[in-house]
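Below is model-v2.tsv, which holds TSV, C-alpha atoms (C1' of nucleotides).
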chain	number	residue	atom	x	y	z
A	1	MET	CA	-56.72	3.74	-22.17
A	2	LEU	CA	-56.05	0.76	-19.99
A	3	ALA	CA	-54.57	-1.15	-22.87
A	4	GLU	CA	-51.87	1.41	-23.35
A	5	LEU	CA	-49.84	0.53	-20.30
A	6	ARG	CA	-48.78	-2.73	-21.84
A	7	ARG	CA	-45.05	-2.26	-21.79
A	8	PRO	CA	-43.75	-1.19	-25.18
A	9	GLU	CA	-44.44	2.31	-24.02
A	10	ARG	CA	-40.88	2.59	-22.84
A	11	THR	CA	-38.52	4.82	-24.73
A	12	PHE	CA	-34.76	5.09	-24.93
A	13	THR	CA	-32.22	7.82	-25.23
A	14	ILE	CA	-29.45	7.55	-27.71
A	15	ARG	CA	-26.95	6.75	-24.96
A	16	GLN	CA	-29.04	3.93	-23.60
A	17	LEU	CA	-29.27	2.18	-26.92
A	18	CYS	CA	-25.59	2.78	-27.55
A	19	GLN	CA	-24.58	1.20	-24.28
A	20	GLU	CA	-26.93	-1.71	-24.69
A	21	PHE	CA	-25.73	-2.57	-28.18
A	22	LYS	CA	-22.18	-1.35	-27.95
A	23	VAL	CA	-22.40	1.17	-30.74
A	24	THR	CA	-21.60	4.86	-30.87
A	25	PRO	CA	-24.08	7.72	-31.17
A	26	ARG	CA	-22.40	8.55	-34.44
A	27	ALA	CA	-23.42	5.16	-35.80
A	28	LEU	CA	-27.07	5.60	-34.82
A	29	ARG	CA	-27.20	9.05	-36.40
A	30	PHE	CA	-25.54	7.61	-39.43
A	31	TYR	CA	-28.15	4.88	-39.74
A	32	GLU	CA	-30.81	7.51	-39.41
A	33	ASP	CA	-29.15	9.58	-42.08
A	34	LYS	CA	-29.21	6.58	-44.38
A	35	GLY	CA	-32.86	5.94	-43.71
A	36	LEU	CA	-32.58	2.85	-41.52
A	37	LEU	CA	-33.90	4.48	-38.39
A	38	ALA	CA	-36.37	7.29	-37.79
A	39	PRO	CA	-36.75	7.97	-34.08
A	40	SER	CA	-39.17	10.63	-32.93
A	41	ARG	CA	-38.00	13.80	-31.25
A	42	ASP	CA	-38.43	15.54	-27.96
A	43	GLY	CA	-37.47	19.02	-28.99
A	44	MET	CA	-34.13	18.43	-30.64
A	45	ASN	CA	-33.37	15.18	-28.89
A	46	ARG	CA	-33.96	11.78	-30.35
A	47	VAL	CA	-36.39	9.44	-28.65
A	48	TYR	CA	-36.18	5.79	-29.57
A	49	SER	CA	-39.21	3.55	-29.18
A	50	TYR	CA	-39.34	-0.20	-28.72
A	51	LYS	CA	-39.89	-0.52	-32.42
A	52	ASP	CA	-36.79	1.52	-33.07
A	53	ARG	CA	-34.88	-0.73	-30.73
A	54	ALA	CA	-36.12	-3.77	-32.62
A	55	ARG	CA	-35.04	-2.23	-35.90
A	56	LEU	CA	-31.63	-1.56	-34.48
A	57	GLN	CA	-31.34	-5.21	-33.50
A	58	LEU	CA	-32.15	-6.21	-37.05
A	59	ILE	CA	-29.65	-3.73	-38.40
A	60	LEU	CA	-26.87	-5.10	-36.25
A	61	ARG	CA	-27.71	-8.68	-37.09
A	62	GLY	CA	-27.66	-7.75	-40.74
A	63	LYS	CA	-24.27	-6.20	-40.29
A	64	ARG	CA	-22.89	-9.27	-38.58
A	65	VAL	CA	-23.81	-11.41	-41.53
A	66	GLY	CA	-22.16	-8.96	-43.85
A	67	LEU	CA	-25.09	-7.14	-45.42
A	68	PRO	CA	-24.44	-3.57	-46.55
A	69	LEU	CA	-26.61	-0.93	-44.93
A	70	ALA	CA	-28.48	-0.29	-48.15
A	71	GLU	CA	-29.64	-3.91	-48.27
A	72	ILE	CA	-30.62	-3.83	-44.64
A	73	ARG	CA	-32.66	-0.73	-45.27
A	74	ASP	CA	-34.54	-2.45	-48.08
A	75	ILE	CA	-35.26	-5.43	-45.89
A	76	LEU	CA	-36.54	-3.23	-43.09
A	77	GLU	CA	-38.82	-1.50	-45.53
A	78	LEU	CA	-40.19	-4.84	-46.58
A	79	TYR	CA	-41.21	-5.52	-42.99
A	80	GLY	CA	-43.03	-2.28	-42.54
A	81	ALA	CA	-44.85	-2.04	-45.85
A	82	GLU	CA	-47.90	-4.13	-46.69
A	83	ASP	CA	-48.74	-1.18	-48.87
A	84	GLY	CA	-46.75	0.67	-51.45
A	85	PRO	CA	-46.50	0.20	-55.18
A	86	VAL	CA	-46.89	-3.46	-55.96
A	87	MET	CA	-44.52	-3.52	-58.87
A	88	GLN	CA	-41.70	-2.65	-56.55
A	89	SER	CA	-42.69	-5.44	-54.22
A	90	ALA	CA	-42.52	-7.87	-57.09
A	91	HIS	CA	-39.04	-6.70	-57.83
A	92	SER	CA	-38.04	-6.85	-54.20
A	93	LEU	CA	-39.28	-10.41	-54.02
A	94	LYS	CA	-36.77	-11.50	-56.60
A	95	ARG	CA	-33.93	-9.75	-54.88
A	96	PHE	CA	-34.84	-11.22	-51.54
A	97	ARG	CA	-34.99	-14.74	-52.92
A	98	GLN	CA	-31.56	-14.14	-54.36
A	99	ARG	CA	-30.35	-12.84	-51.02
A	100	ILE	CA	-31.67	-15.98	-49.37
A	101	SER	CA	-29.73	-18.31	-51.61
A	102	GLU	CA	-26.65	-16.17	-51.15
A	103	MET	CA	-26.99	-16.44	-47.43
A	104	GLU	CA	-27.45	-20.17	-47.65
A	105	GLN	CA	-24.19	-20.29	-49.52
A	106	GLN	CA	-22.67	-18.11	-46.86
A	107	ARG	CA	-23.87	-20.52	-44.21
A	108	GLU	CA	-21.99	-23.32	-45.89
A	109	ASP	CA	-18.90	-21.16	-46.09
A	110	ILE	CA	-19.09	-20.44	-42.40
A	111	ASP	CA	-19.50	-24.07	-41.46
A	112	GLN	CA	-16.49	-24.89	-43.59
A	113	ALA	CA	-14.44	-22.10	-42.15
A	114	ILE	CA	-15.34	-23.00	-38.59
A	115	SER	CA	-14.37	-26.62	-38.92
A	116	GLU	CA	-11.15	-25.76	-40.71
A	117	LEU	CA	-10.20	-23.19	-38.14
A	118	LYS	CA	-10.96	-25.70	-35.42
A	119	THR	CA	-8.71	-28.39	-36.79
A	120	ALA	CA	-6.02	-25.83	-37.45
A	121	CYS	CA	-6.28	-24.66	-33.86
A	122	GLU	CA	-6.01	-28.19	-32.58
A	123	ARG	CA	-2.90	-28.76	-34.64
A	124	LEU	CA	-1.38	-25.59	-33.36
A	125	GLU	CA	-2.30	-26.54	-29.83
A	126	LYS	CA	-0.63	-29.94	-30.05
A	127	GLN	CA	2.48	-28.44	-31.52
A	128	LEU	CA	2.48	-25.89	-28.77
A	129	ALA	CA	1.99	-28.58	-26.14
A	130	GLU	CA	5.23	-30.20	-27.22
A	131	VAL	CA	7.36	-27.11	-27.24
A	132	ARG	CA	5.89	-24.76	-24.67
A	133	PRO	CA	3.22	-26.50	-22.58
A	134	ASP	CA	3.28	-23.52	-20.26
A	135	LEU	CA	1.63	-21.37	-22.88
A	136	LEU	CA	-1.44	-23.56	-23.20
A	137	PRO	CA	-4.94	-22.29	-22.39
A	138	ARG	CA	-5.76	-22.37	-18.71
A	139	ALA	CA	-8.86	-22.42	-16.52
A	140	GLU	CA	-9.78	-18.92	-17.50
A	141	ASP	CA	-9.98	-19.82	-21.14
A	142	TYR	CA	-11.88	-23.04	-20.63
A	143	ASP	CA	-14.30	-21.03	-18.62
A	144	GLN	CA	-14.89	-18.85	-21.61
A	145	MET	CA	-15.22	-21.85	-23.87
A	146	LEU	CA	-17.85	-23.35	-21.62
A	147	ARG	CA	-19.83	-20.17	-21.48
A	148	ALA	CA	-19.79	-19.89	-25.22
A	149	ARG	CA	-20.93	-23.47	-25.58
A	150	LEU	CA	-23.72	-23.16	-23.05
A	151	ASP	CA	-25.02	-19.88	-24.33
A	152	GLY	CA	-24.96	-21.49	-27.69
A	153	HIS	CA	-27.90	-23.88	-27.61
A	154	THR	CA	-29.22	-23.75	-24.07
A	155	TYR	CA	-30.12	-20.11	-23.85
A	156	PRO	CA	-31.64	-18.87	-27.09
A	157	LEU	CA	-31.66	-15.35	-25.70
A	158	SER	CA	-28.00	-14.38	-26.01
A	159	ALA	CA	-27.72	-11.42	-28.43
A	160	LYS	CA	-24.63	-9.72	-27.12
B	1	MET	CA	11.43	-37.68	-59.96
B	2	LEU	CA	8.64	-39.92	-61.05
B	3	ALA	CA	6.52	-38.72	-58.18
B	4	GLU	CA	6.59	-35.21	-59.54
B	5	LEU	CA	4.14	-35.77	-62.34
B	6	ARG	CA	1.25	-36.19	-59.98
B	7	ARG	CA	-1.08	-33.49	-61.26
B	8	PRO	CA	-0.63	-30.39	-59.19
B	9	GLU	CA	2.07	-29.50	-61.64
B	10	ARG	CA	-0.38	-27.40	-63.51
B	11	THR	CA	-0.02	-23.67	-63.33
B	12	PHE	CA	-2.33	-20.77	-64.04
B	13	THR	CA	-2.02	-17.34	-65.49
B	14	ILE	CA	-3.60	-14.42	-63.75
B	15	ARG	CA	-6.39	-14.32	-66.32
B	16	GLN	CA	-7.25	-17.94	-65.85
B	17	LEU	CA	-7.70	-17.61	-62.14
B	18	CYS	CA	-9.62	-14.39	-62.61
B	19	GLN	CA	-12.06	-15.97	-64.98
B	20	GLU	CA	-12.48	-19.06	-62.88
B	21	PHE	CA	-13.21	-17.16	-59.69
B	22	LYS	CA	-14.79	-14.08	-61.14
B	23	VAL	CA	-12.29	-11.64	-59.75
B	24	THR	CA	-10.18	-8.97	-61.42
B	25	PRO	CA	-6.42	-9.01	-61.90
B	26	ARG	CA	-6.33	-5.92	-59.77
B	27	ALA	CA	-7.79	-7.91	-56.88
B	28	LEU	CA	-5.20	-10.67	-57.17
B	29	ARG	CA	-2.36	-8.17	-57.25
B	30	PHE	CA	-3.91	-6.44	-54.31
B	31	TYR	CA	-4.03	-9.67	-52.32
B	32	GLU	CA	-0.42	-10.23	-53.21
B	33	ASP	CA	0.43	-6.74	-52.12
B	34	LYS	CA	-1.20	-7.45	-48.79
B	35	GLY	CA	0.69	-10.66	-48.36
B	36	LEU	CA	-2.11	-13.14	-48.97
B	37	LEU	CA	-0.66	-14.56	-52.16
B	38	ALA	CA	2.87	-15.03	-53.40
B	39	PRO	CA	2.88	-16.54	-56.87
B	40	SER	CA	6.18	-17.32	-58.55
B	41	ARG	CA	7.33	-15.48	-61.64
B	42	ASP	CA	8.20	-16.26	-65.21
B	43	GLY	CA	10.24	-13.19	-65.97
B	44	MET	CA	7.88	-10.43	-64.97
B	45	ASN	CA	4.73	-12.47	-65.24
B	46	ARG	CA	2.96	-14.13	-62.34
B	47	VAL	CA	2.63	-17.89	-62.34
B	48	TYR	CA	0.05	-19.34	-60.00
B	49	SER	CA	0.43	-22.90	-58.75
B	50	TYR	CA	-2.26	-25.25	-57.49
B	51	LYS	CA	-1.36	-24.20	-53.99
B	52	ASP	CA	-1.88	-20.58	-54.94
B	53	ARG	CA	-5.21	-21.51	-56.39
B	54	ALA	CA	-6.17	-23.22	-53.15
B	55	ARG	CA	-5.14	-20.17	-51.18
B	56	LEU	CA	-7.25	-18.02	-53.41
B	57	GLN	CA	-10.24	-20.23	-52.72
B	58	LEU	CA	-9.69	-19.80	-49.01
B	59	ILE	CA	-9.34	-16.06	-49.43
B	60	LEU	CA	-12.63	-15.81	-51.27
B	61	ARG	CA	-14.42	-17.98	-48.78
B	62	GLY	CA	-13.06	-15.84	-46.01
B	63	LYS	CA	-14.35	-12.77	-47.75
B	64	ARG	CA	-17.79	-14.25	-48.17
B	65	VAL	CA	-18.10	-14.80	-44.46
B	66	GLY	CA	-17.02	-11.25	-43.84
B	67	LEU	CA	-13.43	-11.63	-42.68
B	68	PRO	CA	-11.13	-8.70	-43.40
B	69	LEU	CA	-8.12	-9.48	-45.57
B	70	ALA	CA	-5.75	-9.05	-42.64
B	71	GLU	CA	-7.51	-11.80	-40.72
B	72	ILE	CA	-7.50	-14.06	-43.72
B	73	ARG	CA	-3.80	-13.51	-44.13
B	74	ASP	CA	-3.19	-14.53	-40.52
B	75	ILE	CA	-5.25	-17.66	-40.97
B	76	LEU	CA	-3.41	-18.60	-44.13
B	77	GLU	CA	-0.13	-18.17	-42.30
B	78	LEU	CA	-1.41	-20.47	-39.62
B	79	TYR	CA	-1.87	-23.17	-42.23
B	80	GLY	CA	1.57	-22.87	-43.69
B	81	ALA	CA	3.69	-22.42	-40.59
B	82	GLU	CA	4.73	-25.28	-38.35
B	83	ASP	CA	7.67	-23.05	-37.64
B	84	GLY	CA	7.89	-19.44	-36.59
B	85	PRO	CA	8.18	-17.81	-33.22
B	86	VAL	CA	6.10	-19.81	-30.81
B	87	MET	CA	5.04	-16.95	-28.61
B	88	GLN	CA	3.22	-15.45	-31.48
B	89	SER	CA	1.49	-18.73	-32.18
B	90	ALA	CA	0.25	-18.82	-28.63
B	91	HIS	CA	-1.22	-15.42	-29.08
B	92	SER	CA	-2.71	-16.31	-32.41
B	93	LEU	CA	-4.34	-19.34	-30.87
B	94	LYS	CA	-6.41	-17.16	-28.59
B	95	ARG	CA	-7.45	-14.91	-31.40
B	96	PHE	CA	-8.49	-17.84	-33.55
B	97	ARG	CA	-10.57	-19.35	-30.78
B	98	GLN	CA	-12.24	-16.01	-30.44
B	99	ARG	CA	-12.82	-15.87	-34.17
B	100	ILE	CA	-14.41	-19.29	-34.00
B	101	SER	CA	-16.96	-18.28	-31.41
B	102	GLU	CA	-17.66	-15.11	-33.34
B	103	MET	CA	-18.36	-17.16	-36.41
B	104	GLU	CA	-20.60	-19.47	-34.47
B	105	GLN	CA	-22.57	-16.42	-33.42
B	106	GLN	CA	-22.60	-15.34	-37.02
B	107	ARG	CA	-23.98	-18.71	-38.03
B	108	GLU	CA	-26.91	-18.22	-35.69
B	109	ASP	CA	-27.49	-14.78	-37.09
B	110	ILE	CA	-27.58	-16.13	-40.59
B	111	ASP	CA	-30.01	-18.88	-39.73
B	112	GLN	CA	-32.25	-16.32	-38.09
B	113	ALA	CA	-32.00	-13.96	-41.00
B	114	ILE	CA	-32.70	-16.69	-43.53
B	115	SER	CA	-35.83	-17.90	-41.84
B	116	GLU	CA	-37.10	-14.39	-41.29
B	117	LEU	CA	-36.46	-13.43	-44.87
B	118	LYS	CA	-38.21	-16.59	-45.99
B	119	THR	CA	-41.39	-15.93	-44.07
B	120	ALA	CA	-41.32	-12.33	-45.19
B	121	CYS	CA	-41.04	-13.49	-48.78
B	122	GLU	CA	-43.94	-15.86	-48.36
B	123	ARG	CA	-46.08	-13.11	-46.94
B	124	LEU	CA	-45.17	-10.86	-49.79
B	125	GLU	CA	-45.86	-13.58	-52.27
B	126	LYS	CA	-49.32	-14.30	-50.94
B	127	GLN	CA	-50.19	-10.66	-50.95
B	128	LEU	CA	-48.93	-10.41	-54.48
B	129	ALA	CA	-50.90	-13.48	-55.52
B	130	GLU	CA	-54.12	-11.74	-54.53
B	131	VAL	CA	-53.46	-8.48	-56.27
B	132	ARG	CA	-51.26	-9.25	-59.24
B	133	PRO	CA	-50.97	-13.01	-59.80
B	134	ASP	CA	-49.36	-12.24	-63.13
B	135	LEU	CA	-46.25	-10.95	-61.42
B	136	LEU	CA	-45.49	-14.18	-59.63
B	137	PRO	CA	-42.23	-16.06	-60.28
B	138	ARG	CA	-42.27	-18.11	-63.43
B	139	ALA	CA	-40.26	-20.92	-64.99
B	140	GLU	CA	-37.42	-18.57	-65.77
B	141	ASP	CA	-36.94	-17.69	-62.15
B	142	TYR	CA	-37.09	-21.24	-60.89
B	143	ASP	CA	-34.46	-21.96	-63.44
B	144	GLN	CA	-32.27	-19.36	-61.87
B	145	MET	CA	-32.95	-20.72	-58.42
B	146	LEU	CA	-31.86	-24.15	-59.53
B	147	ARG	CA	-28.71	-22.85	-61.08
B	148	ALA	CA	-27.87	-20.93	-57.93
B	149	ARG	CA	-28.37	-24.06	-55.89
B	150	LEU	CA	-26.25	-26.23	-58.14
B	151	ASP	CA	-23.47	-23.74	-58.58
B	152	GLY	CA	-23.67	-23.30	-54.86
B	153	HIS	CA	-20.18	-24.42	-53.96
B	154	THR	CA	-18.44	-23.53	-57.19
B	155	TYR	CA	-19.06	-19.82	-57.51
B	156	PRO	CA	-18.75	-16.84	-55.23
B	157	LEU	CA	-21.49	-14.32	-54.71
B	158	SER	CA	-20.21	-10.91	-53.75
B	159	ALA	CA	-22.50	-7.99	-53.29
B	160	LYS	CA	-21.97	-5.44	-55.96
C	1	DC	C1'	7.24	-2.81	-88.87
C	2	DC	C1'	3.13	-2.17	-86.62
C	3	DT	C1'	-0.78	-3.54	-84.29
C	4	DT	C1'	-3.07	-6.62	-81.02
C	5	DG	C1'	-3.19	-8.83	-76.72
C	6	DC	C1'	-1.79	-10.03	-72.28
C	7	DG	C1'	1.23	-8.85	-68.85
C	8	DT	C1'	3.62	-5.44	-65.66
C	9	DT	C1'	4.13	-1.34	-62.02
C	10	DG	C1'	2.76	2.97	-60.04
C	11	DA	C1'	-0.53	6.36	-58.76
C	12	DC	C1'	-4.75	8.47	-58.05
C	13	DG	C1'	-9.93	7.83	-57.33
C	14	DC	C1'	-13.94	6.07	-55.09
C	15	DT	C1'	-17.59	4.06	-51.85
C	16	DA	C1'	-18.97	2.44	-47.34
C	17	DA	C1'	-19.16	3.10	-42.64
C	18	DC	C1'	-18.14	5.38	-39.54
C	19	DG	C1'	-14.36	8.53	-36.33
C	20	DT	C1'	-13.34	12.90	-34.82
C	21	DA	C1'	-13.35	17.51	-33.85
C	22	DA	C1'	-15.75	22.09	-33.87
C	23	DA	C1'	-19.39	24.88	-32.29
C	24	DG	C1'	-23.38	25.35	-29.95
C	25	DG	C1'	-28.29	24.56	-27.16
C	26	DG	C1'	-30.58	23.38	-22.77
C	27	DA	C1'	-30.98	21.57	-18.11
C	28	DA	C1'	-29.20	20.38	-13.72
C	29	DT	C1'	-25.87	20.82	-10.30
C	30	DA	C1'	-22.19	23.27	-7.50
D	1	DT	C1'	-23.60	32.45	-12.21
D	2	DA	C1'	-20.51	28.96	-13.78
D	3	DT	C1'	-19.51	24.28	-14.61
D	4	DT	C1'	-20.83	19.99	-16.16
D	5	DC	C1'	-23.35	16.80	-18.98
D	6	DC	C1'	-25.84	15.21	-22.67
D	7	DC	C1'	-27.66	16.36	-26.70
D	8	DT	C1'	-27.53	18.57	-31.40
D	9	DT	C1'	-25.66	19.67	-36.42
D	10	DT	C1'	-22.04	20.46	-39.87
D	11	DA	C1'	-17.99	19.07	-41.75
D	12	DC	C1'	-13.68	17.10	-42.66
D	13	DG	C1'	-10.66	12.73	-41.83
D	14	DT	C1'	-9.86	7.70	-42.15
D	15	DT	C1'	-9.61	2.73	-43.47
D	16	DA	C1'	-10.55	-1.17	-46.47
D	17	DG	C1'	-10.90	-2.96	-50.84
D	18	DC	C1'	-10.50	-2.51	-54.80
D	19	DG	C1'	-11.52	0.45	-59.80
D	20	DT	C1'	-9.40	2.97	-63.18
D	21	DC	C1'	-6.21	5.14	-65.83
D	22	DA	C1'	-1.30	5.83	-67.53
D	23	DA	C1'	2.77	4.22	-69.37
D	24	DC	C1'	5.49	0.56	-70.53
D	25	DG	C1'	7.48	-4.66	-71.90
D	26	DC	C1'	7.19	-8.59	-74.77
D	27	DA	C1'	5.56	-12.03	-78.15
D	28	DA	C1'	2.79	-13.45	-82.08
D	29	DG	C1'	0.52	-12.41	-86.38
D	30	DG	C1'	-0.47	-9.81	-90.66
I need this file expressed as C-alpha cells, please.
Amino acid sequence: MLAELRRPERTFTIRQLCQEFKVTPRALRFYEDKGLLAPSRDGMNRVYSYKDRARLQLILRGKRVGLPLAEIRDILELYGAEDGPVMQSAHSLKRFRQRISEMEQQREDIDQAISELKTACERLEKQLAEVRPDLLPRAEDYDQMLRARLDGHTYPLSAK
Amino acid sequence: MLAELRRPERTFTIRQLCQEFKVTPRALRFYEDKGLLAPSRDGMNRVYSYKDRARLQLILRGKRVGLPLAEIRDILELYGAEDGPVMQSAHSLKRFRQRISEMEQQREDIDQAISELKTACERLEKQLAEVRPDLLPRAEDYDQMLRARLDGHTYPLSAK
DNA sequence: CCTTGCGTTGACGCTAACGTAAAGGGAATA
DNA sequence: TATTCCCTTTACGTTAGCGTCAACGCAAGG
C-alpha cells in the first residue's frame, strides 16, 4: 500500500496529452482506433496512464522517422508481449531486423541530406551577402541556432 | 567540341531509370508533373540525362528521410538556381535552416529507435532460443543481412 | 498487315492519417 | 435554469503519392 504512491500513479486527460505533445484529440482517438493506444475509461472519458504517455512518445518518435502506424503498432506489441504465440515472434524478429537495417540506411541518408543542405545554405548565404546583406540572418536567428546546438548534445532530455 | 564527349552524354529511357531505382514509370511522370523532374523529349518520348538521373537520386533520398515531394522540389530548385528573385531565396534560407534542425532531431530519433529495436530483438532472440532454438536465424538470413548491408547505398528501401 | 513492345496522355481509384462538422452527454459556473 | 466547457461517437471530407485502367502512337519483326 505504501509502495503505490511512487509516482506513476498520475493520469492524464486527452487535452493534457494533446497540449504536451502538440497533437489533436482526433489523432489520439485515431491511434486508439488503430490499436496503438488503449487508455482506460472513467465513464465515457478516456484516462491516460503514464504507460499510455510513454507509448504515445514512442508513437510520435516512430512517426518522425517515417514509420507507418501499422509498423509502430507491431513494435509496441513487441514491447508488451513476452508471451503470445512463439511462431509469430519468430516472424516478427525477421521483420524487425529488416527494419533495423532499413533505418541504418535511413540514417546515412539523413546525414547526407543534412550536410548537403548545409553547404547549399552556405552557398545561398554567401550569394545573398553580396547582393542583399540586409536580408541576412540576425541576432534572433543565431539565438535559435545556438539553442538548437546546445539542446543537441548537452541536454539529452529535449523531446519537443 | 572535344570537351563534350566526357561521359555524361549518356541518356536513359524511362524504363532504364525505373529498373535501376526500382520505381514505376507512373512515379517518374508524377514527379515530373509536380515539377521535380524535367527530362527532354525525343518526339513524344522522355529522355533522361545524367543530371536527371542525379536529381532522381536526390528525390529518392529525400523520400527515404520522409520529406514531402514539395519540399524536395524546393531543395532541388535551390541547387539549380544562382538566379531568381532574391527575396524568395532569403525566405527559403530560413526554411532550410529549420529543415536542417528538424532533420538533426530526426537523426537522434533514429539512433534511439535503432538501439531500442536492437535490444528488443536481442531479448526476443534469447527468449526464442530457450523455447524454440530451431526457429533462430540461419545462414540464409545472415546472407540477406549481408546483402542488405552491401547494397546499402545503392538501393532504396521503401515501405510497401 | 498484324502483333508485340515500349512509349504517351488523361482520368479515376485507393490507402494513410488525420481534419472537420454534426449531434449529443455530463458537470460546473453564471 | 441556461450557458459554457470538455468530453464522447459517427460520419463524411481532404491531401499526398502514387496504382491502375483506357485509349492511342510508333517502330520492329514475323
Find the spatial neighbours of DA27 (chain D), counting only C-alpha atoms (C1' of nucleotides), within a cut-off of 12 Å - ignore same-chain residues fewer than 3 positions away - and output them as a ChimeraX atom specification. /C:4-7
Residues near Gly35 (chain B), cut-off 9 Å, all atoms listed in the file, skip fewer than 3 positions along chain, as an NGL selection string: :B and (30-32 or 38 or 70 or 73)
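Residues of chain D having any atom within 12 Å of chain A, counting all atoms listed in the file, are DC6, DC7, DT8 and DT9 of chain D.
Nearest to chain B of all the residues C:DA30, C:DT15, C:DT8, C:DG25 is C:DT8, based on only C-alpha atoms (C1' of nucleotides).
What separates CA of Arg107 (chain B) from CA of Leu67 (chain A) is a distance of 13.8 Å.
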Which residues are close to Met103 (chain A), i.e. within 8 Å by only C-alpha atoms (C1' of nucleotides), leaving aside same-chain residues fewer than 3 positions away? Reply as a VMD selection string. (chain A and resid 99 to 100 106 to 107) or (chain B and resid 110 114)
Identify, on the basis of only C-alpha atoms (C1' of nucleotides), every residue whose closest approach to Asp74 (chain B) does not exceed 12 Å; exclude the query and any residue fewer than 3 positions from it along the same chain; express the result as a PDB file with C-alpha atoms, keeping the file's coordinate frame.
ATOM      1  CA  LEU A 117     -10.200 -23.190 -38.140  1.00  0.00           C
TER       2      LEU A 117
ATOM      3  CA  LYS B  34      -1.200  -7.450 -48.790  1.00  0.00           C
ATOM      4  CA  GLY B  35       0.690 -10.660 -48.360  1.00  0.00           C
ATOM      5  CA  LEU B  36      -2.110 -13.140 -48.970  1.00  0.00           C
ATOM      6  CA  LEU B  37      -0.660 -14.560 -52.160  1.00  0.00           C
ATOM      7  CA  LEU B  58      -9.690 -19.800 -49.010  1.00  0.00           C
ATOM      8  CA  ILE B  59      -9.340 -16.060 -49.430  1.00  0.00           C
ATOM      9  CA  GLY B  62     -13.060 -15.840 -46.010  1.00  0.00           C
ATOM     10  CA  LEU B  67     -13.430 -11.630 -42.680  1.00  0.00           C
ATOM     11  CA  PRO B  68     -11.130  -8.700 -43.400  1.00  0.00           C
ATOM     12  CA  LEU B  69      -8.120  -9.480 -45.570  1.00  0.00           C
ATOM     13  CA  ALA B  70      -5.750  -9.050 -42.640  1.00  0.00           C
ATOM     14  CA  GLU B  71      -7.510 -11.800 -40.720  1.00  0.00           C
ATOM     15  CA  GLU B  77      -0.130 -18.170 -42.300  1.00  0.00           C
ATOM     16  CA  LEU B  78      -1.410 -20.470 -39.620  1.00  0.00           C
ATOM     17  CA  TYR B  79      -1.870 -23.170 -42.230  1.00  0.00           C
ATOM     18  CA  GLY B  80       1.570 -22.870 -43.690  1.00  0.00           C
ATOM     19  CA  ALA B  81       3.690 -22.420 -40.590  1.00  0.00           C
ATOM     20  CA  GLN B  88       3.220 -15.450 -31.480  1.00  0.00           C
ATOM     21  CA  SER B  89       1.490 -18.730 -32.180  1.00  0.00           C
ATOM     22  CA  HIS B  91      -1.220 -15.420 -29.080  1.00  0.00           C
ATOM     23  CA  SER B  92      -2.710 -16.310 -32.410  1.00  0.00           C
ATOM     24  CA  LEU B  93      -4.340 -19.340 -30.870  1.00  0.00           C
ATOM     25  CA  ARG B  95      -7.450 -14.910 -31.400  1.00  0.00           C
ATOM     26  CA  PHE B  96      -8.490 -17.840 -33.550  1.00  0.00           C
ATOM     27  CA  ARG B  99     -12.820 -15.870 -34.170  1.00  0.00           C
TER      28      ARG B  99
END
List the neighbours of DC18 (chain D) out to 12 Å using only C-alpha atoms (C1' of nucleotides); skip same-chain residues closer than 3 positions along the sequence, and give me the result as a list in words. Val23, Thr24, Pro25, Arg26, Ala27, Leu28, Arg29, Phe30, Tyr31, Leu69 and Lys160 of chain B; DG13, DC14 and DT15 of chain C
